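**Q** Input structure: entry_29.txt, which contains compact mmCIF, C-alpha atoms.
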```txt
# COMPACT_ATOMS: atom_id res chain seq x y z
CA MET A 166 4.02 30.77 0.77
CA ILE A 167 1.53 32.05 3.30
CA ALA A 168 -0.99 29.31 3.86
CA PRO A 169 -4.76 29.84 4.22
CA THR A 170 -6.60 28.88 7.38
CA LEU A 171 -6.38 25.46 8.95
CA ASN A 172 -10.15 25.08 8.62
CA ALA A 173 -9.99 25.43 4.86
CA CYS A 174 -7.32 22.72 4.60
CA LEU A 175 -9.31 20.38 6.81
CA LEU A 176 -12.49 21.06 4.84
CA ILE A 177 -10.75 20.08 1.61
CA SER A 178 -9.32 17.01 3.31
CA VAL A 179 -12.74 15.97 4.62
CA LEU A 180 -14.33 16.56 1.22
CA LEU A 181 -11.72 14.38 -0.46
CA PHE A 182 -12.20 11.67 2.16
CA ALA A 183 -15.98 11.79 1.77
CA ILE A 184 -15.76 11.58 -2.02
CA GLY A 185 -13.42 8.61 -1.70
CA LEU A 186 -15.75 6.89 0.76
CA LEU A 187 -18.72 7.50 -1.53
CA GLY A 188 -16.77 5.92 -4.37
CA VAL A 189 -15.87 2.90 -2.24
CA LEU A 190 -19.53 2.44 -1.32
CA ILE A 191 -21.25 2.91 -4.68
CA ARG A 192 -18.78 1.70 -7.32
CA ARG A 193 -18.92 -1.92 -8.50
CA ASN A 194 -15.54 -2.22 -10.22
CA THR A 195 -12.89 -3.42 -7.75
CA LEU A 196 -10.17 -1.37 -9.44
CA VAL A 197 -12.14 1.85 -9.11
CA VAL A 198 -12.96 0.98 -5.48
CA PHE A 199 -9.23 0.64 -4.90
CA MET A 200 -8.57 4.00 -6.54
CA CYS A 201 -11.12 5.61 -4.24
CA LEU A 202 -9.35 3.99 -1.28
CA GLU A 203 -6.14 5.69 -2.42
CA LEU A 204 -8.05 8.94 -2.58
CA MET A 205 -9.07 8.51 1.07
CA LEU A 206 -5.43 7.84 2.01
CA VAL A 207 -4.30 11.02 0.24
CA ALA A 208 -7.02 12.99 2.01
CA SER A 209 -5.66 11.87 5.38
CA THR A 210 -2.12 12.85 4.37
CA LEU A 211 -3.41 16.30 3.44
CA ALA A 212 -4.87 16.68 6.95
CA LEU A 213 -1.57 15.55 8.49
CA VAL A 214 0.47 18.03 6.47
CA ALA A 215 -1.94 20.84 7.32
CA PHE A 216 -1.81 20.09 11.07
CA SER A 217 1.97 19.86 10.89
CA ARG A 218 2.25 23.20 9.11
CA PHE A 219 -0.04 25.05 11.48
CA ASN A 220 1.46 23.61 14.66
CA GLY A 221 5.10 24.00 13.65
CA THR A 222 5.90 20.34 14.20
CA MET A 223 7.72 17.86 12.02
CA ASP A 224 6.00 14.63 13.07
CA GLY A 225 3.04 14.91 10.72
CA ASN A 226 5.31 15.41 7.74
CA VAL A 227 7.46 12.41 8.64
CA PHE A 228 4.31 10.35 9.13
CA VAL A 229 3.14 11.31 5.63
CA PHE A 230 6.52 10.11 4.42
CA PHE A 231 5.78 6.70 5.96
CA ILE A 232 2.22 6.68 4.62
CA LEU A 233 3.53 7.16 1.08
CA THR A 234 5.79 4.12 1.46
CA VAL A 235 3.05 1.96 2.93
CA ALA A 236 0.66 3.07 0.18
CA ALA A 237 3.12 1.95 -2.47
CA ALA A 238 3.43 -1.49 -0.88
CA GLU A 239 -0.32 -1.70 -0.36
CA VAL A 240 -1.12 -0.88 -3.98
CA ALA A 241 1.34 -3.47 -5.25
CA VAL A 242 -0.14 -6.23 -3.08
CA GLY A 243 -3.73 -5.14 -3.71
CA LEU A 244 -3.36 -5.11 -7.47
CA ALA A 245 -1.66 -8.51 -7.36
CA ILE A 246 -4.64 -9.84 -5.39
CA ILE A 247 -7.06 -8.33 -7.93
CA VAL A 248 -5.16 -9.94 -10.80
CA ALA A 249 -5.16 -13.30 -9.02
CA LEU A 250 -8.88 -12.89 -8.38
CA PHE A 251 -9.50 -12.15 -12.03
CA ARG A 252 -7.57 -15.25 -13.05
CA LYS A 253 -9.66 -17.40 -10.73
CA ARG A 254 -13.12 -15.91 -11.25
CA GLU A 255 -12.88 -14.10 -14.63
CA THR A 256 -14.56 -11.03 -13.13
CA ILE A 257 -13.73 -8.18 -10.78
CA GLN A 258 -17.25 -6.81 -10.39
CA ILE A 259 -17.99 -6.66 -6.69
CA ASP A 260 -21.58 -7.91 -6.89
CA GLN A 261 -20.41 -11.09 -8.63
CA LEU A 262 -17.76 -11.85 -6.04
CA ASN A 263 -20.19 -13.22 -3.46
CA SER A 264 -19.08 -16.80 -2.83
CA LEU A 265 -18.45 -16.03 0.86
CA LYS A 266 -21.97 -14.69 1.29
CA ASN A 267 -23.91 -17.90 2.04
CA MET B 230 -1.17 34.77 -3.67
CA GLY B 231 -1.16 31.72 -1.41
CA ASN B 232 -4.87 31.99 -0.88
CA PHE B 233 -5.59 32.23 -4.59
CA LEU B 234 -3.41 29.20 -5.32
CA PHE B 235 -5.00 27.30 -2.47
CA ASN B 236 -8.50 27.93 -3.80
CA LEU B 237 -7.45 26.99 -7.30
CA PHE B 238 -5.83 23.72 -6.26
CA ALA B 239 -8.63 22.90 -3.82
CA VAL B 240 -11.37 23.23 -6.46
CA PHE B 241 -9.22 21.35 -8.98
CA THR B 242 -8.58 18.51 -6.53
CA VAL B 243 -12.19 18.08 -5.45
CA VAL B 244 -13.56 18.23 -9.00
CA ALA B 245 -11.03 15.67 -10.20
CA ALA B 246 -11.80 13.44 -7.20
CA ALA B 247 -15.49 13.61 -8.07
CA GLY B 248 -14.47 12.57 -11.58
CA VAL B 249 -12.95 9.37 -10.16
CA VAL B 250 -16.28 8.43 -8.62
CA VAL B 251 -18.61 9.30 -11.49
CA ASN B 252 -16.54 8.11 -14.46
CA LYS B 253 -17.88 4.95 -16.05
CA ASN B 254 -14.60 4.04 -17.71
CA ALA B 255 -11.81 2.80 -15.40
CA VAL B 256 -9.08 4.41 -17.52
CA ASN B 257 -10.77 7.80 -17.25
CA ALA B 258 -11.14 7.25 -13.50
CA ALA B 259 -7.40 6.59 -13.23
CA MET B 260 -6.68 9.77 -15.19
CA CYS B 261 -8.96 11.75 -12.88
CA LEU B 262 -7.10 10.22 -9.92
CA LEU B 263 -3.86 11.48 -11.48
CA LEU B 264 -5.28 15.00 -11.81
CA SER B 265 -6.53 14.91 -8.24
CA LEU B 266 -3.10 13.85 -6.98
CA VAL B 267 -1.48 16.72 -8.89
CA GLY B 268 -3.92 19.04 -7.15
CA VAL B 269 -3.02 17.60 -3.74
CA ALA B 270 0.66 18.08 -4.56
CA GLY B 271 -0.14 21.72 -5.31
CA LEU B 272 -1.86 22.02 -1.94
CA PHE B 273 1.26 20.56 -0.29
CA ILE B 274 3.34 23.26 -1.98
CA VAL B 275 0.98 25.94 -0.66
CA LEU B 276 1.47 24.36 2.78
CA ASP B 277 5.29 24.59 2.39
CA ALA B 278 5.85 20.82 2.23
CA TYR B 279 7.94 20.80 -0.93
CA LEU B 280 9.60 17.42 -0.45
CA LEU B 281 6.27 15.73 0.21
CA ALA B 282 4.73 17.33 -2.89
CA PHE B 283 7.59 16.02 -4.97
CA LEU B 284 7.36 12.56 -3.41
CA LEU B 285 3.59 12.49 -3.90
CA LEU B 286 4.02 13.19 -7.60
CA LEU B 287 6.83 10.66 -7.87
CA VAL B 288 5.28 7.80 -5.90
CA TYR B 289 1.57 8.28 -6.46
CA ALA B 290 1.31 9.94 -9.84
CA GLY B 291 4.39 8.26 -11.25
CA ALA B 292 4.23 4.74 -9.89
CA ILE B 293 0.82 3.98 -8.45
CA VAL B 294 -1.36 5.47 -11.19
CA ALA B 295 0.86 3.88 -13.83
CA LEU B 296 0.38 0.54 -12.06
CA PHE B 297 -3.37 1.08 -12.00
CA LEU B 298 -3.39 1.84 -15.72
CA PHE B 299 -1.36 -1.29 -16.44
CA ILE B 300 -3.82 -3.46 -14.53
CA VAL B 301 -6.87 -1.77 -16.05
CA MET B 302 -5.54 -2.44 -19.53
CA LEU B 303 -4.40 -5.96 -18.59
CA LEU B 304 -7.79 -7.00 -17.24
CA ASP B 305 -9.74 -5.15 -19.94
CA THR B 306 -13.04 -5.11 -18.07
CA LYS B 307 -16.25 -3.75 -19.46
CA SER B 308 -17.09 -0.26 -18.34
CA ASP B 309 -19.32 0.00 -15.31
CA ALA B 310 -22.95 0.84 -15.31
CA ARG B 311 -23.41 4.36 -14.01
CA PRO B 312 -23.38 4.22 -10.19
CA GLN B 313 -26.85 4.38 -8.79
CA LEU B 314 -27.35 7.05 -6.18
CA THR B 315 -31.04 6.20 -5.79
CA ARG B 316 -30.27 3.09 -3.74
CA ILE B 317 -28.82 5.07 -0.85
CA PRO B 318 -31.20 4.90 2.13
CA LEU B 319 -32.95 8.03 3.35
CA VAL B 320 -31.29 7.85 6.80
CA ALA B 321 -27.84 7.88 5.22
CA ARG B 322 -28.75 10.87 3.07
CA ILE B 323 -30.06 12.86 6.03
CA LEU B 324 -27.02 11.98 8.17
CA ALA B 325 -24.56 12.87 5.43
CA PHE B 326 -26.33 16.14 4.70
CA ALA B 327 -26.40 17.06 8.40
CA LEU B 328 -22.68 16.31 8.78
CA VAL B 329 -21.79 18.43 5.75
CA ALA B 330 -24.02 21.24 7.06
CA VAL B 331 -22.27 21.18 10.45
CA GLY B 332 -18.88 21.19 8.75
CA VAL B 333 -19.70 24.14 6.53
CA ALA B 334 -21.35 26.03 9.39
CA SER B 335 -18.24 25.63 11.56
CA PHE B 336 -16.04 26.85 8.74
CA GLY B 337 -15.75 30.51 9.69
CA ARG B 338 -16.31 30.18 13.43
CA LEU B 339 -13.32 28.21 14.60
CA GLU B 340 -10.10 30.03 15.27
CA SER B 341 -7.16 29.10 13.12
CA PRO B 342 -3.52 29.48 14.18
CA ASP B 343 -1.65 32.13 12.26
CA PRO B 344 0.67 30.32 9.84
CA ALA B 345 3.03 33.29 9.59
CA ALA B 346 3.86 32.96 13.30
CA VAL B 347 4.73 29.27 13.01
CA PRO B 348 7.98 28.10 11.40
CA ALA B 349 7.47 26.06 8.23
CA LEU B 350 9.46 23.02 9.29
CA GLY B 351 8.30 20.94 6.35
CA ALA B 352 10.20 23.18 3.95
CA SER B 353 13.67 22.12 5.04
CA LEU B 354 15.13 18.91 3.70
CA LYS B 355 17.65 18.67 6.50
CA LEU B 356 15.00 18.23 9.16
CA TYR B 357 13.49 15.23 7.37
CA ALA B 358 16.85 13.54 7.20
CA TYR B 359 17.56 14.33 10.84
CA GLN B 360 14.21 12.98 12.01
CA LEU B 361 14.35 9.87 9.84
CA PHE B 362 17.78 8.90 11.07
CA THR B 363 17.30 9.68 14.76
CA THR B 364 13.77 9.60 16.16
CA TYR B 365 12.23 7.44 13.45
CA LEU B 366 15.12 5.09 12.76
CA LEU B 367 13.24 1.96 13.84
CA PRO B 368 10.13 2.73 11.72
CA VAL B 369 12.39 3.27 8.71
CA GLN B 370 13.91 -0.18 9.23
CA ILE B 371 10.47 -1.72 9.64
CA LEU B 372 9.33 -0.01 6.43
CA GLY B 373 12.28 -1.55 4.63
CA PHE B 374 11.13 -4.96 5.78
CA LEU B 375 7.57 -4.13 4.80
CA LEU B 376 8.66 -3.32 1.27
CA LEU B 377 10.61 -6.58 1.10
CA ILE B 378 7.60 -8.55 2.36
CA ALA B 379 5.32 -6.78 -0.13
CA MET B 380 7.69 -7.61 -2.96
CA VAL B 381 7.84 -11.29 -2.01
CA GLY B 382 4.08 -11.34 -1.54
CA VAL B 383 3.43 -9.87 -4.97
CA ILE B 384 5.72 -12.42 -6.58
CA VAL B 385 3.99 -15.30 -4.76
CA LEU B 386 0.54 -13.95 -5.63
CA SER B 387 1.21 -13.45 -9.31
CA LYS B 388 3.32 -16.53 -10.02
CA LYS B 389 1.69 -19.71 -11.26
CA PHE B 390 2.93 -22.70 -9.29
CA GLU B 391 2.56 -25.61 -11.67
CA GLY B 392 3.30 -28.99 -10.15
CA LEU B 393 3.35 -27.44 -6.72
CA GLU B 394 -0.35 -27.63 -5.94
CA ASP B 395 0.20 -27.91 -2.19
CA ILE B 396 1.39 -24.29 -2.12
CA ARG B 397 -1.98 -23.17 -3.45
```
What's the structure tokens form of this structure?
**A**
Amino acid sequence: MIAPTLNACLLISVLLFAIGLLGVLIRRNTLVVFMCLELMLVASTLALVAFSRFNGTMDGNVFVFFILTVAAAEVAVGLAIIVALFRKRETIQIDQLNSLKN
Amino acid sequence: MGNFLFNLFAVFTVVAAAGVVVNKNAVNAAMCLLLSLVGVAGLFIVLDAYLLAFLLLLVYAGAIVALFLFIVMLLDTKSDARPQLTRIPLVARILAFALVAVGVASFGRLESPDPAAVPALGASLKLYAYQLFTTYLLPVQILGFLLLIAMVGVIVLSKKFEGLEDIR
């Protein structure tokens, strides 16, 4: 399939990343914050695939391959931490998890 | 054809991603994440990375979102208050707006390589296998260890050690 311009791909990638970052900053539920983090990760993979396609190299694609694996491991550990946190504190709202603040 | 599909998937992806941020309910947010990932997989197909699109659907949409949904239902938290955009400082707003303006303004001006002149290496399965088993052999091994460590870590984190308080 003939791809559109590189700029368009990067614009979509940046938009996705920005939306994810906005979610990380303004949401209060830890789970949703984590989902937005995943969104940012996917945005970076989109940029890598686009650069790889337009430069005729393979390295970006292989790197995305690795990112997918690391993301799977990261999500498993992160969700386990959130569950452990919920067991300990009975909440996962970010503004109530402030015992390190003072 | 490619351009039309790209626009379709791009709008779909961004709208679904915005749904993740604005949805009050965590289950709906996870569903929007799923839709957004499907859109990104479509974009990968437009960019000739078929294997990666398949893997993205398999790993992200299949495993990760399912895991998220499990945890959301397990924890059963109350739905969030609607996120407040009014608390964002004025400086941050101006900076963000300026950055977006620069990005959109540069959209048509920069030259883009012609994709038809470049070989679509991501389309061939053989190249992935070749690269993974020659140039990137060590990272593949390290990733195997990483997965093992993550598995052990998850078990340690989620197990209750009764009578073994010194581990905690």
**Q** Can you tell me which residues surround A:Met205 at a distance of at most 9 Å, considering only C-alpha atoms, apart from same-chain residues fewer than 5 positions away, and format the answer as a VMD selection string?
**A** chain A and resid 178 181 to 186 200 210
**Q** For atom CA of A:Arg254 and atom CA of B:Leu303, determine how far apart the two atoms are, in Å to one decimal place.
**A**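 Interatomic distance here is 15.1 Å.
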**Q** Up to 7 Å from chain B, what residues of chain A turn up? Count all atoms listed in the file and give them as a VMD selection string.
**A** chain A and resid 166 to 172 177 181 184 188 191 to 192 194 197 215 218 to 223 226 to 227 237 to 238 240 to 242 245 to 246 249
**Q** Please define a box with edges along x, y and z of the file around all atoms of stretch 329-336 of chain B given in the file, extend it by 6 Å on each side, and return its centre and edge lengths in Å to one decimal, as lines of an AutoDock Vina configuration file.
**A**
```
center_x = -20.0
center_y = 22.6
center_z = 8.7
size_x = 20.0
size_y = 20.4
size_z = 17.8
```
**Q** Could you check which of B:Pro318, B:Val331, B:Leu354, B:Ile323 is closest to B:Tyr279, using only C-alpha atoms?
**A**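 Ranked by minimum distance to B:Tyr279, first place goes to B:Leu354.
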